[in-house]
Each structure stands twice: as C-alpha cells, then as structure tokens.
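Below is protein_32.txt, which holds compact mmCIF, C-alpha atoms.
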# COMPACT_ATOMS: atom_id res chain seq x y z
CA MET A 379 -25.68 -82.09 71.54
CA THR A 380 -26.11 -79.06 73.81
CA SER A 381 -26.91 -75.85 71.96
CA ILE A 382 -25.79 -72.58 73.55
CA GLU A 383 -27.11 -69.26 72.26
CA LEU A 384 -26.02 -65.69 72.84
CA LYS A 385 -26.15 -62.41 70.95
CA GLU A 386 -23.36 -60.29 69.53
CA TYR A 387 -21.27 -58.64 72.24
CA GLY A 388 -22.79 -61.12 74.71
CA LYS A 389 -20.67 -62.62 77.52
CA ILE A 390 -21.56 -65.94 79.13
CA SER A 391 -19.80 -68.13 81.68
CA SER A 392 -20.14 -71.60 83.18
CA ARG A 393 -18.07 -70.61 86.22
CA LYS A 394 -20.04 -70.61 89.47
CA ALA A 395 -17.87 -67.71 90.57
CA ASP A 396 -19.54 -65.62 87.83
CA GLN A 397 -23.12 -66.38 88.93
CA ASN A 398 -23.58 -62.97 90.53
CA SER A 399 -21.26 -61.06 88.21
CA LYS A 400 -22.52 -57.94 86.39
CA SER A 401 -20.09 -58.53 83.54
CA TRP A 402 -20.97 -62.17 82.81
CA THR A 403 -24.24 -64.06 82.33
CA TYR A 404 -24.14 -67.42 84.03
CA GLU A 405 -25.03 -70.25 81.63
CA PRO A 406 -25.24 -73.63 83.43
CA ASP A 407 -25.59 -75.58 80.13
CA LEU A 408 -22.23 -74.31 78.91
CA PRO A 409 -19.63 -77.07 79.51
CA LYS A 410 -16.98 -76.60 82.18
CA LYS A 411 -14.06 -77.37 79.87
CA LEU A 412 -13.01 -77.98 76.28
CA TYR A 413 -11.73 -81.29 75.00
CA GLU A 414 -8.30 -81.43 73.43
CA GLU A 415 -9.79 -81.90 69.95
CA ASP A 416 -11.64 -78.56 70.36
CA LEU A 417 -8.54 -76.45 70.96
CA GLU A 418 -7.78 -75.86 67.28
CA LEU A 419 -11.31 -74.61 66.63
CA LYS A 420 -11.09 -72.36 69.71
CA LYS A 421 -7.96 -70.76 68.26
CA GLU A 422 -9.58 -70.36 64.82
CA LEU A 423 -12.65 -68.63 66.28
CA VAL A 424 -10.59 -65.64 67.45
CA LYS A 425 -10.71 -64.48 63.80
CA SER A 426 -14.52 -64.54 64.06
CA ASN A 427 -14.55 -62.37 67.21
CA LEU A 428 -15.57 -65.31 69.42
CA ILE A 429 -13.23 -65.60 72.40
CA ILE A 430 -13.37 -68.71 74.59
CA GLU A 431 -11.40 -68.91 77.84
CA ASP A 432 -10.89 -72.21 79.66
CA LEU A 433 -10.17 -71.17 83.25
CA GLY A 434 -10.15 -74.61 84.85
CA ASP A 435 -13.32 -74.10 86.87
CA GLY A 436 -15.41 -73.26 83.82
CA LEU A 437 -15.54 -71.56 80.42
CA ARG A 438 -16.05 -67.92 79.51
CA VAL A 439 -17.36 -67.01 76.06
CA SER A 440 -17.25 -63.46 74.68
CA ALA A 441 -18.91 -62.68 71.35
CA GLY A 442 -18.00 -59.74 69.13
CA PRO A 443 -19.63 -58.14 66.07
CA SER A 444 -19.94 -61.39 64.10
CA ALA A 445 -22.97 -63.69 63.81
CA GLY A 446 -22.86 -67.41 63.10
CA ILE A 447 -22.34 -70.82 64.65
CA ALA A 448 -19.46 -72.92 65.99
CA GLN A 449 -19.83 -76.64 66.65
CA PHE A 450 -17.52 -78.31 69.12
CA SER A 451 -17.26 -82.01 69.89
CA ASP A 452 -20.23 -82.10 72.28
CA PHE A 453 -21.87 -78.64 72.10
CA SER A 454 -22.49 -75.75 69.73
CA ILE A 455 -22.44 -71.99 70.20
CA SER A 456 -24.80 -69.89 68.11
CA VAL A 457 -24.23 -66.11 67.99
CA LYS A 458 -27.36 -64.26 66.84
CA PRO A 459 -27.35 -60.70 65.44
CA ARG A 460 -28.13 -58.12 68.12
CA PHE A 461 -29.29 -55.21 65.98
CA VAL A 462 -31.62 -56.83 63.46
CA SER A 463 -34.50 -59.25 63.96
CA PRO A 464 -34.29 -62.70 62.31
CA GLU A 465 -37.07 -61.96 59.82
CA ASN A 466 -35.19 -58.89 58.51
CA LEU A 467 -31.69 -60.37 58.40
CA ALA A 468 -32.13 -61.59 54.84
CA GLY A 469 -33.28 -58.16 53.70
CA LEU A 470 -30.31 -56.52 55.43
CA LEU A 471 -27.84 -58.84 53.68
CA ASP A 472 -29.70 -58.47 50.43
CA PHE A 473 -29.53 -54.66 50.43
CA ALA A 474 -25.99 -54.48 51.84
CA TYR A 475 -24.57 -56.68 49.09
CA GLY A 476 -26.70 -55.23 46.31
CA PHE A 477 -28.68 -58.30 45.29
CA ASP A 478 -31.56 -57.79 42.89
CA GLU A 479 -34.19 -59.65 44.91
CA LYS A 480 -34.98 -60.02 48.58
CA MET A 481 -33.60 -63.39 49.69
CA GLY A 482 -36.44 -64.34 52.04
CA LEU A 483 -36.16 -66.84 54.86
CA SER A 484 -37.62 -69.76 52.96
CA ASP A 485 -37.96 -71.20 49.50
CA ASN A 486 -40.81 -73.26 48.03
CA GLU A 487 -39.79 -76.46 49.78
CA VAL A 488 -38.12 -75.54 53.05
CA GLN A 489 -39.65 -73.61 55.94
CA PHE A 490 -37.91 -72.95 59.23
CA ASP A 491 -38.24 -70.74 62.29
CA ALA A 492 -35.33 -68.32 62.16
CA ALA A 493 -35.77 -67.44 65.82
CA LYS A 494 -35.23 -71.07 66.87
CA GLU A 495 -32.99 -72.44 64.12
CA ASP A 496 -29.33 -72.49 65.22
CA ASN A 497 -28.04 -72.53 61.65
CA PHE A 498 -30.51 -70.00 60.24
CA LEU A 499 -27.75 -67.67 58.98
CA ILE A 500 -26.20 -70.48 56.95
CA ALA A 501 -29.65 -71.54 55.72
CA ILE A 502 -30.49 -68.06 54.45
CA LEU A 503 -27.32 -67.84 52.38
CA ILE A 504 -27.26 -71.42 51.12
CA ILE A 505 -30.93 -71.49 50.10
CA SER A 506 -30.42 -68.26 48.19
CA PHE A 507 -27.25 -69.60 46.57
CA ILE A 508 -29.00 -72.79 45.45
CA ASN A 509 -31.91 -70.80 44.03
CA HIS A 510 -29.55 -68.54 42.10
CA CYS A 511 -27.73 -71.61 40.72
CA GLU A 512 -31.04 -73.01 39.50
CA LYS A 513 -31.68 -69.76 37.63
CA ILE A 514 -28.22 -70.00 36.05
CA ILE A 515 -28.97 -73.53 34.86
CA ARG A 516 -32.32 -72.46 33.38
CA GLN A 517 -30.70 -69.56 31.53
CA GLY A 518 -27.85 -71.75 30.33
CA LEU A 519 -24.27 -71.83 31.60
CA TYR A 520 -22.11 -68.92 30.54
CA LYS A 521 -19.64 -69.71 27.76
CA SER A 522 -16.35 -67.91 27.23
CA TYR A 523 -13.49 -68.21 24.77
CA GLN A 524 -10.36 -69.95 26.03
CA THR A 525 -7.13 -70.42 24.14
CA GLN A 526 -6.29 -74.08 23.60
CA THR A 527 -3.48 -75.96 21.84
CA ASP A 528 -4.03 -79.37 20.30
CA ASP A 529 -3.04 -81.72 17.45
CA LEU A 530 -5.84 -81.70 14.87
CA ARG A 531 -6.46 -83.42 11.56
CA TYR A 532 -7.38 -80.10 10.03
CA LEU A 533 -5.91 -76.60 10.25
CA ARG A 534 -7.64 -74.36 12.79
CA GLY A 535 -6.54 -71.03 14.22
CA LYS A 536 -2.77 -70.48 14.33
CA LEU A 537 -0.22 -73.15 13.42
CA ILE A 538 2.48 -73.60 16.09
CA MET A 539 5.58 -74.12 13.97
CA SER A 540 7.95 -75.38 16.71
CA GLN A 541 5.62 -78.24 17.62
CA GLN A 542 4.63 -78.81 13.99
CA ILE A 543 8.28 -79.50 13.07
CA LYS A 544 8.39 -82.14 15.82
CA ASN A 545 5.19 -83.67 14.44
CA ASP A 546 6.74 -83.80 10.95
CA LEU A 547 9.92 -85.43 12.24
CA LYS A 548 7.81 -88.08 13.98
CA LYS A 549 5.76 -88.46 10.78
CA LYS A 550 2.69 -87.61 12.83
CA LEU A 551 -0.13 -86.63 10.49
CA ALA A 552 -1.59 -83.76 12.54
CA PHE A 553 -1.56 -79.97 12.64
CA ASN A 554 -0.48 -78.48 15.96
CA CYS A 555 -2.86 -75.53 16.29
CA GLU A 556 -3.57 -72.79 18.78
CA PHE A 557 -7.22 -71.74 18.66
CA ASP A 558 -10.02 -70.16 20.72
CA GLU A 559 -12.70 -72.54 21.96
CA LEU A 560 -16.08 -71.46 23.34
CA VAL A 561 -16.41 -73.41 26.62
CA THR A 562 -18.49 -73.53 29.80
CA ASP A 563 -15.50 -74.72 31.84
CA ASN A 564 -14.54 -71.24 33.04
CA ILE A 565 -13.93 -69.54 36.37
CA GLU A 566 -17.51 -68.22 36.54
CA ASN A 567 -18.96 -71.75 36.56
CA GLN A 568 -16.09 -73.32 38.52
CA ILE A 569 -16.85 -71.02 41.46
CA CYS A 570 -20.51 -72.07 41.41
CA LEU A 571 -19.64 -75.78 41.39
CA HIS A 572 -17.06 -75.42 44.15
CA ILE A 573 -19.41 -73.53 46.50
CA LEU A 574 -22.28 -75.95 45.79
CA LYS A 575 -20.03 -78.77 47.02
CA LYS A 576 -19.22 -76.73 50.14
CA CYS A 577 -22.91 -76.02 50.71
CA TYR A 578 -23.87 -79.70 50.42
CA THR A 579 -21.84 -80.60 53.52
CA TYR A 580 -23.61 -77.89 55.54
CA LEU A 581 -27.16 -79.00 54.75
CA ASN A 582 -29.28 -81.13 57.09
CA ASP A 583 -32.59 -81.03 55.21
CA ASP A 584 -32.96 -84.03 52.86
CA ASP A 585 -34.90 -82.12 50.19
CA LEU A 586 -32.30 -79.37 50.05
CA ARG A 587 -29.48 -81.92 49.91
CA ARG A 588 -31.13 -83.63 46.93
CA LYS A 589 -31.63 -80.29 45.17
CA CYS A 590 -28.02 -79.30 45.82
CA ASN A 591 -26.72 -82.68 44.67
CA THR A 592 -28.73 -82.42 41.44
CA LEU A 593 -27.13 -79.04 40.72
CA ILE A 594 -23.67 -80.43 41.47
CA ARG A 595 -24.20 -83.24 38.96
CA ARG A 596 -25.55 -80.80 36.37
CA PHE A 597 -22.56 -78.44 36.69
CA SER A 598 -20.08 -81.35 36.77
CA ILE A 599 -21.14 -82.46 33.29
CA GLU A 600 -19.55 -79.36 31.75
CA VAL A 601 -17.31 -77.92 34.46
CA THR A 602 -14.17 -79.08 36.24
CA GLU A 603 -13.46 -77.85 39.74
CA GLU A 604 -9.83 -77.11 40.61
CA ILE A 605 -9.87 -73.89 42.62
CA GLU A 606 -9.43 -74.94 46.28
CA ASP A 607 -5.71 -74.11 46.29
CA ARG A 608 -6.43 -70.65 44.85
CA ARG A 609 -9.08 -69.77 47.44
CA LYS A 610 -7.24 -66.88 49.14
CA GLU A 611 -5.94 -65.46 45.88
CA LEU A 612 -9.39 -65.55 44.27
CA ILE A 613 -11.21 -63.94 47.18
CA GLU A 614 -8.67 -61.13 47.56
CA SER A 615 -8.85 -60.36 43.84
CA ASP A 616 -12.68 -60.47 43.69
CA PHE A 617 -12.36 -63.70 41.67
CA LYS A 618 -10.41 -61.82 38.92
CA ILE A 619 -13.60 -61.54 36.90
CA VAL A 620 -14.45 -58.64 34.62
CA TYR A 621 -18.23 -58.51 34.34
CA ASN A 622 -19.91 -57.53 31.08
CA ARG A 623 -23.39 -57.86 29.60
CA LEU A 624 -22.81 -61.58 28.93
CA ASN A 625 -21.79 -62.65 32.45
CA GLU A 626 -23.25 -59.83 34.55
CA HIS A 627 -26.03 -62.12 35.85
CA TYR A 628 -23.30 -64.12 37.64
CA LYS A 629 -22.28 -61.17 39.83
CA PRO A 630 -24.91 -61.67 42.61
CA ILE A 631 -24.17 -65.38 42.87
CA HIS A 632 -20.43 -64.68 43.08
CA GLU A 633 -21.06 -62.17 45.87
CA LEU A 634 -22.98 -64.88 47.72
CA ALA A 635 -20.18 -67.35 47.00
CA LYS A 636 -17.64 -64.96 48.50
CA ILE A 637 -19.70 -64.52 51.67
CA ILE A 638 -20.09 -68.29 52.08
CA TRP A 639 -16.44 -68.97 51.30
CA GLN A 640 -15.16 -66.34 53.73
CA GLY A 641 -17.63 -67.41 56.43
CA ILE A 642 -16.57 -71.05 56.41
CA GLY A 643 -13.97 -71.84 59.05
CA ILE A 644 -11.60 -74.78 59.27
CA SER A 645 -13.05 -78.15 58.34
CA ASP A 646 -12.40 -81.84 58.87
CA LEU A 647 -11.71 -81.38 62.57
CA TYR A 648 -14.21 -84.05 63.51
CA LYS A 649 -13.97 -86.61 60.71
CA PHE A 650 -16.64 -88.97 62.02
CA ARG A 651 -19.36 -86.42 62.59
CA LYS A 652 -22.37 -86.55 60.28
CA SER A 653 -22.47 -82.76 59.87
CA SER A 654 -19.27 -81.04 58.80
CA ILE A 655 -20.19 -77.61 60.16
CA ASN A 656 -17.35 -76.48 62.41
CA SER A 657 -17.79 -72.74 62.18
CA PHE A 658 -19.55 -70.23 59.99
CA PHE A 659 -19.50 -66.52 60.83
CA ILE A 660 -20.34 -63.28 59.05
CA PRO A 661 -18.72 -60.02 60.24
CA MET A 662 -21.88 -57.99 60.83
CA HIS A 663 -19.97 -54.73 61.36
CA GLN A 664 -18.85 -54.97 57.74
CA VAL A 665 -22.41 -55.74 56.64
CA PHE A 666 -23.56 -52.62 58.53
CA GLU A 667 -20.99 -50.46 56.74
CA LYS A 668 -22.09 -51.78 53.36
CA PHE A 669 -25.74 -51.27 54.32
CA LEU A 670 -25.16 -47.58 55.12
CA GLU A 671 -23.03 -47.14 52.02
CA ASN A 672 -25.84 -48.41 49.78
CA LEU A 673 -28.43 -46.29 51.59
CA PHE A 674 -26.61 -43.15 50.51
CA LYS A 675 -25.70 -44.45 47.05
CA ASN A 676 -29.29 -45.40 46.26
CA TYR A 677 -31.18 -42.49 47.79
CA PHE A 678 -28.74 -39.56 47.63
CA THR A 679 -27.62 -39.46 44.02
CA GLU A 680 -26.70 -35.78 44.37
CA PHE A 681 -23.65 -36.89 46.37
CA GLU A 682 -20.54 -38.73 45.29
CA VAL A 683 -20.20 -41.53 47.83
CA ASP A 684 -16.61 -42.45 48.75
CA THR A 685 -16.06 -45.43 51.02
CA GLN A 686 -13.03 -46.72 52.92
CA THR A 687 -11.08 -43.61 51.90
CA THR A 688 -7.48 -43.53 53.11
CA LYS A 689 -5.66 -40.27 53.75
CA GLN A 690 -2.20 -39.57 55.14
CA ALA A 691 -2.62 -37.68 58.38
CA TRP A 692 0.92 -37.60 59.76
CA VAL A 693 4.22 -36.52 58.27
CA GLU A 694 6.56 -39.49 58.20
CA GLN A 695 9.49 -39.26 60.59
CA GLU A 696 12.12 -41.74 59.49
CA GLU A 697 14.11 -41.80 62.73
CA ILE A 698 11.03 -42.59 64.84
CA ASP A 699 9.50 -45.00 62.33
CA ALA A 700 12.72 -46.99 62.11
CA GLU A 701 12.12 -48.09 65.70
CA LEU A 702 8.48 -49.07 65.15
CA LYS A 703 6.89 -52.24 63.82
CA ASP A 704 4.71 -51.98 60.71
CA GLU A 705 1.49 -52.32 62.71
CA GLU A 706 2.58 -49.43 64.97
CA LYS A 707 3.01 -46.94 62.12
CA ALA A 708 -0.30 -45.06 62.03
CA LEU A 709 0.39 -42.53 59.28
CA ASN A 710 -2.99 -42.87 57.58
CA ILE A 711 -6.63 -42.46 58.58
CA ARG A 712 -9.49 -44.38 56.98
CA THR A 713 -13.01 -43.01 56.92
CA ASP A 714 -16.07 -45.21 56.42
CA ILE A 715 -18.22 -42.96 54.21
CA LEU A 716 -17.66 -39.51 52.69
CA LEU A 717 -20.46 -37.69 50.89
CA LYS A 718 -18.98 -35.22 48.39
CA GLN A 719 -20.18 -32.60 45.94
CA GLU A 720 -17.69 -31.40 43.33
CA SER A 721 -14.92 -33.18 45.29
CA VAL A 722 -15.75 -31.21 48.45
CA VAL A 723 -16.62 -33.26 51.56
CA LYS A 724 -20.13 -32.32 52.70
CA HIS A 725 -20.79 -35.10 55.19
CA LEU A 726 -18.32 -37.32 57.06
CA ILE A 727 -19.92 -40.53 58.35
CA ASP A 728 -18.54 -43.19 60.67
CA ALA A 729 -20.44 -46.48 61.02
CA LYS A 730 -20.28 -47.78 64.58
CA TYR A 731 -21.82 -51.25 64.92
CA LYS A 732 -22.18 -51.13 68.69
CA ARG A 733 -24.55 -49.98 71.41
CA LYS A 734 -22.56 -46.98 72.64
CA ILE A 735 -19.85 -44.77 71.21
CA SER A 736 -16.64 -44.90 73.26
CA SER A 737 -14.21 -42.14 74.17
CA PRO A 738 -11.62 -43.37 71.59
CA ASP A 739 -14.40 -43.36 68.98
CA ARG A 740 -15.12 -39.70 69.73
CA TYR A 741 -11.46 -38.71 69.47
CA GLU A 742 -11.10 -40.69 66.24
CA LEU A 743 -14.10 -39.03 64.60
CA GLY A 744 -13.04 -35.61 65.89
CA PHE A 745 -9.63 -36.12 64.31
CA TYR A 746 -11.28 -37.08 61.00
CA ILE A 747 -13.40 -33.91 61.07
CA HIS A 748 -10.32 -31.79 61.74
CA GLU A 749 -8.29 -33.41 58.96
CA TYR A 750 -11.02 -32.97 56.33
CA GLY A 751 -11.66 -29.37 57.38
CA THR A 752 -15.37 -29.85 58.07
CA GLU A 753 -17.40 -28.79 61.07
CA HIS A 754 -19.80 -31.72 61.35
CA GLY A 755 -19.30 -35.47 61.59
CA PHE A 756 -21.91 -38.20 62.00
CA ALA A 757 -21.52 -41.39 64.00
CA ILE A 758 -24.32 -43.80 63.07
CA LEU A 759 -25.16 -46.60 65.51
CA PRO A 760 -27.83 -49.32 65.21
CA ILE A 761 -30.74 -49.63 67.62
CA SER A 762 -31.19 -53.00 69.31
CA PRO A 763 -34.70 -54.53 68.90
CA GLU A 764 -34.34 -55.63 72.53
CA ASP A 765 -33.83 -52.04 73.71
CA LYS A 766 -36.70 -50.93 71.51
CA GLN A 767 -39.08 -53.47 73.09
CA ASN A 768 -38.03 -52.34 76.57
CA ASN A 769 -38.52 -48.66 75.63
CA GLN A 770 -34.78 -48.07 76.15
CA SER A 771 -33.91 -46.83 72.67
CA PRO A 772 -31.03 -44.32 72.89
CA ASN A 773 -31.55 -40.70 71.92
CA ASP A 774 -29.56 -38.86 69.27
CA THR A 775 -26.99 -36.59 70.89
CA LEU A 776 -24.60 -33.80 69.92
CA ILE A 777 -21.01 -33.49 71.16
CA THR A 778 -19.22 -30.16 70.63
CA SER A 779 -15.56 -29.34 71.25
CA LYS A 780 -14.95 -26.37 73.55
CA LYS A 781 -11.64 -24.96 72.37
CA HIS A 782 -11.53 -25.68 68.63
CA THR A 783 -12.54 -22.79 66.34
CA PRO A 784 -14.86 -23.32 64.58
CA PRO A 785 -16.14 -25.94 67.06
CA ILE A 786 -16.03 -29.57 65.98
CA LYS A 787 -19.47 -31.15 66.21
CA ILE A 788 -20.12 -34.89 66.40
CA HIS A 789 -23.73 -35.89 65.79
CA ILE A 790 -24.44 -39.32 67.26
CA LYS A 791 -27.35 -40.75 65.28
CA HIS A 792 -29.19 -44.06 65.68
CA ILE A 793 -30.79 -46.15 62.97
CA ASP A 794 -33.48 -48.80 63.38
CA ILE A 795 -32.34 -51.43 60.88
CA ASP A 796 -35.66 -53.30 61.02
CA ASP A 797 -37.69 -50.18 60.20
CA ILE A 798 -35.35 -49.13 57.38
CA VAL A 799 -35.28 -52.62 55.82
CA ASP A 800 -39.09 -52.74 55.91
CA LEU A 801 -39.19 -49.27 54.32
CA ILE A 802 -36.68 -50.18 51.58
CA PHE A 803 -38.70 -53.20 50.46
CA SER A 804 -42.05 -51.45 50.83
CA GLN A 805 -44.05 -49.89 48.00
CA GLU A 806 -43.41 -46.36 49.27
CA LYS A 807 -42.02 -43.79 46.84
CA ASP A 808 -38.26 -43.24 46.85
CA SER A 809 -38.85 -39.62 47.90
CA ILE A 810 -40.52 -40.82 51.12
CA LYS A 811 -37.69 -43.28 51.77
CA LYS A 812 -35.15 -40.52 51.20
CA THR A 813 -36.91 -38.18 53.63
CA GLU A 814 -36.67 -40.82 56.37
CA ILE A 815 -33.04 -41.68 55.67
CA GLU A 816 -32.11 -37.98 55.45
CA LYS A 817 -32.57 -37.75 59.21
CA LEU A 818 -29.25 -39.60 59.57
CA ILE A 819 -27.33 -36.62 58.14
CA THR A 820 -29.48 -33.80 59.53
CA PRO A 821 -27.38 -31.82 62.04
CA LEU A 822 -28.66 -31.69 65.60
CA THR A 823 -29.06 -28.36 67.36
CA SER A 824 -27.38 -27.68 70.69
Before anything else, please render the file you have as structure tokens.
Amino acid sequence: MTSIELKEYGKISSRKADQNSKSWTYEPDLPKKLYEEDLELKKELVKSNLIIEDLGDGLRVSAGPSAGIAQFSDFSISVKPRFVSPENLAGLLDFAYGFDEKMGLSDNEVQFDAAKEDNFLIAILIISFINHCEKIIRQGLYKSYQTQTDDLRYLRGKLIMSQQIKNDLKKKLAFNCEFDELVTDNIENQICLHILKKCYTYLNDDDLRRKCNTLIRRFSIEVTEEIEDRRKELIESDFKIVYNRLNEHYKPIHELAKIIWQGIGISDLYKFRKSSINSFFIPMHQVFEKFLENLFKNYFTEFEVDTQTTKQAWVEQEEIDAELKDEEKALNIRTDILLKQESVVKHLIDAKYKRKISSPDRYELGFYIHEYGTEHGFAILPISPEDKQNNQSPNDTLITSKKHTPPIKIHIKHIDIDDIVDLIFSQEKDSIKKTEIEKLITPLTS
C-alpha cells in the first residue's frame, strides 16, 4: 500500500498541471483517482480538515489543523503535526490534557520511530491508554453502588409492595426487594472496556495486541459493555461522571478515552482488510488552545483564567434576525483565554494555530479588545521546527490602530512548543519556567 505523507496546512497534488504550481506540491505517488468505495471516507474526512478533490486528471489533497491518518483502499494519507516535533508530541498532549505523567513514545515492550511511523499518533495514545488500564487493574476496579430490584429468599433493603402482592398471589416464596449493590459494572469501567476493544482493532504489533486482549478479558469478567449507542451523548456530557476521591484516578484514562473515541472516524468501510484503521485525527488547534490554557493556569496563579468565554457583542434586532439563518446570527463573541484579577480583564489572549495571522484575525482580535475595554491583546502563534531549522523563525510584532483612542494594540507573539515542552518537563524551578512563559504576555514597545 502506498503511503503519502504531508504536514498540517500542506497541499499536494497528483495532477501534472500542478507540477510547477506555487500553491501545490506535486506528489507523483499520490493516485490519480479515488475508487467508488473510497467516496464515503472522503466525505467523512472533511470533518477532520482533510479535503480531497478528484478533478479527473488527478487528486488534490489539502490538510488543515488536524493530525492523523486516513487509509483508503489502496493508499494511506498521513498528516503530521507542523508545529511540534514527533519526540515532543506526547509531552504536548500530556500537558494540554492535564495528565499526571509524561506519556513517552514507547513502553517497555514496543519501540518505534515516530518520524517514520505512519500511525505514530495512534500509537502514542493507545500505548498510554493500555498502560493506564494496567494500572487500574493493579489498583483494583472501582466499585460503586447501584440500585437493583430482585426476588430474594431473605428481606434486604426496601420491600416493593406492588410486586410483593403479585408474588403472594402466585404463592411465590420470595421477597421482592430494592437494594443497593456494590458493583464493578459501572460506567467508569464500561468506558475502559469499550475503548480497549476499539484500540485492539487499531494495533498491528503482536505483543501490544496480546496485552490489549488480556486486559479486555480481565475487564469482561466483571464488566458488561453496552455503550456504543450512547457514544455521542456520553462524549458531549463528559461521560456524565462526577469524580471524587474514590474514582478520581479514572479521570486521566477517561480523558484519553475521549480523545481516542472522538478521533476515530467511520469504520467497517473495507470489511476484508486486516487493519480496520480508516481514519484517526486529532484537532491540533484545540490541543494548542488547551496547552496555552494550562500554561497560564499552572504558572500564573495570580490570575483567574477564563477560557472559551462568550459575550454578547451586538444588540439583537428582531426584524433583521428574522430573515437570517441561525448560523448567520453573530450576536456573541468567544475569546480563547482571559486572564483576570478581581474580575477585571488584564490580558486578552487569542490562540492562533497557524503560521501567519490574517487580516480577519486582526479585526477579530481588535474587536475583542474594544469590547472588553482593554488596550492590549495578544495573538499567540506556534513556531514551526522547519522554519526554525532554516533560520526563518518569525519575529514578534506590534500592530497599533491609528484612529482609536486610546489606541488598540495587538501583540503578535510566537511560541516554540518544543522548547516549552522540554522546559515544562525539565528539573528547572517553576520560577524559571514562569519567567520564560511570561514573555508571551509582555507588551511589545513600538
């Protein structure tokens, strides 16, 4: 099977007409057309920011801010992260999602080259998930009380009179009782079992498959698995789990489960293929937002960190809105990160997971600054390792409005994810880490 690789925001083409194009990179190994059985996957991949155009004389593939892999009938497309090196991807995910330990790119049994491995993103998450499940097994499966109703030979809990009368009429010698039972068959463990089964179909390494299968059998002894139909509902409600001191150790594994579950695309498209990987993508722009959010939460405790804050920016006009569709009604604005002190916004931060800030981005951030009554706003962009190697790292810049009083100032800052991840997991003091990160919210001078 042909393996095609590109990076986020990359654009490749198999059209000979695009050989000398500045917009497209010619890729001769990319097939000239898609088979009919691939069309459903092509449509599904739009949600993962991977756009494939079949133009008759060749294919065009445009990647967005999502990393992962898609496998078609006779080729695969692997989208690698542009702004973080493979060896630091695990650390980025680890810090962004608040896991206790650095995931690492290997466990005790499996080693692989992340730079060459097409499925390395899946491997990172699945290996970590399996290791966390092993820890859960060693600690013992979490037990919770569940209300059950059953006919018993002895009285337990509360007697259900309506059913008991029926038992008496049938001369059935049993008490119909409602009682609380301490069980391991709960949603916490059901999620683990369900995702382990999903992971098993994505694994190619025999040792990992055996380890995963052993865990599946171990969980299946005490846990049923009936949550496939509730997938969307569970994800949107954060699994409807209230964490306490008894089940808090399940929180990291459930975060991993959510990432894996959301990343998995449609399945069973190619029923006779040995591997069932069709698509698996992670929205890296969301990871970047979470990464920045946790930077400020962990190292700037003097601020209250508000994320994804929504504010009404326009007065509703019923006559105009009656003519608009729901998606056209832009009454609210949503900021990425606000740093507050005593409910006053001190720093307004917009995470831009891209190489350059666009004109609409500038107007958007300027509008945010105006609405929150601040003077400064910060747009934080990642630095590409590729640009860094070629000595083309962008400089921080300041944009100032001419007519607004006081002038609105947009500070365009750049962050080297690799350097920050290395710093986070280093033995340096938190004060040193904070000093380095503080540069992101230090105003630039004109």
Can you pull out every residue within 12 Å of Gly751 (chain A), counting all atoms listed in the file, but drop anything in the same chain fewer than 2 positions away, and send it as a ChimeraX atom specification? /A:722-726,744-749,753-755,782-787
Contacts of region 420-425 of chain A at 10 Å or less, counting only C-alpha atoms, minus same-chain residues fewer than 2 places along, as a PyMOL selection string? chain A and resi 412+415-418+427-432+441-442+444+448+450+643-644+656-659+661
Check the smallest atom-to-atom distance from each of A:Ile715, A:Lys389, A:Thr679, A:Gly518 to Ser809 (chain A) using all atoms listed in the file, then report the winner.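 For Ser809 (chain A), the nearest of the given residues is A:Thr679.
Using all atoms listed in the file, the residues found no farther than 8 Å from Asp728 (chain A), other than those of its own chain fewer than 5 positions away, are Thr713, Asp714, Ile715, Leu743, Gly755, Phe756, Ala757 and Ile758 of chain A.
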Between CA of Lys549 (chain A) and CA of Lys536 (chain A), what distance in Å does the model show, to one decimal?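 Those two atoms sit 20.2 Å apart.
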Separation of CA of Val561 (chain A) from CA of Gln526 (chain A), in Å and rounded to one decimal: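 Atom-to-atom, CA of Val561 (chain A) to CA of Gln526 (chain A), that is 10.6 Å.
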Separation of CA of Ser721 (chain A) from CA of Tyr741 (chain A), in Å and rounded to one decimal: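 CA of Ser721 (chain A) sits 25.0 Å away from CA of Tyr741 (chain A).
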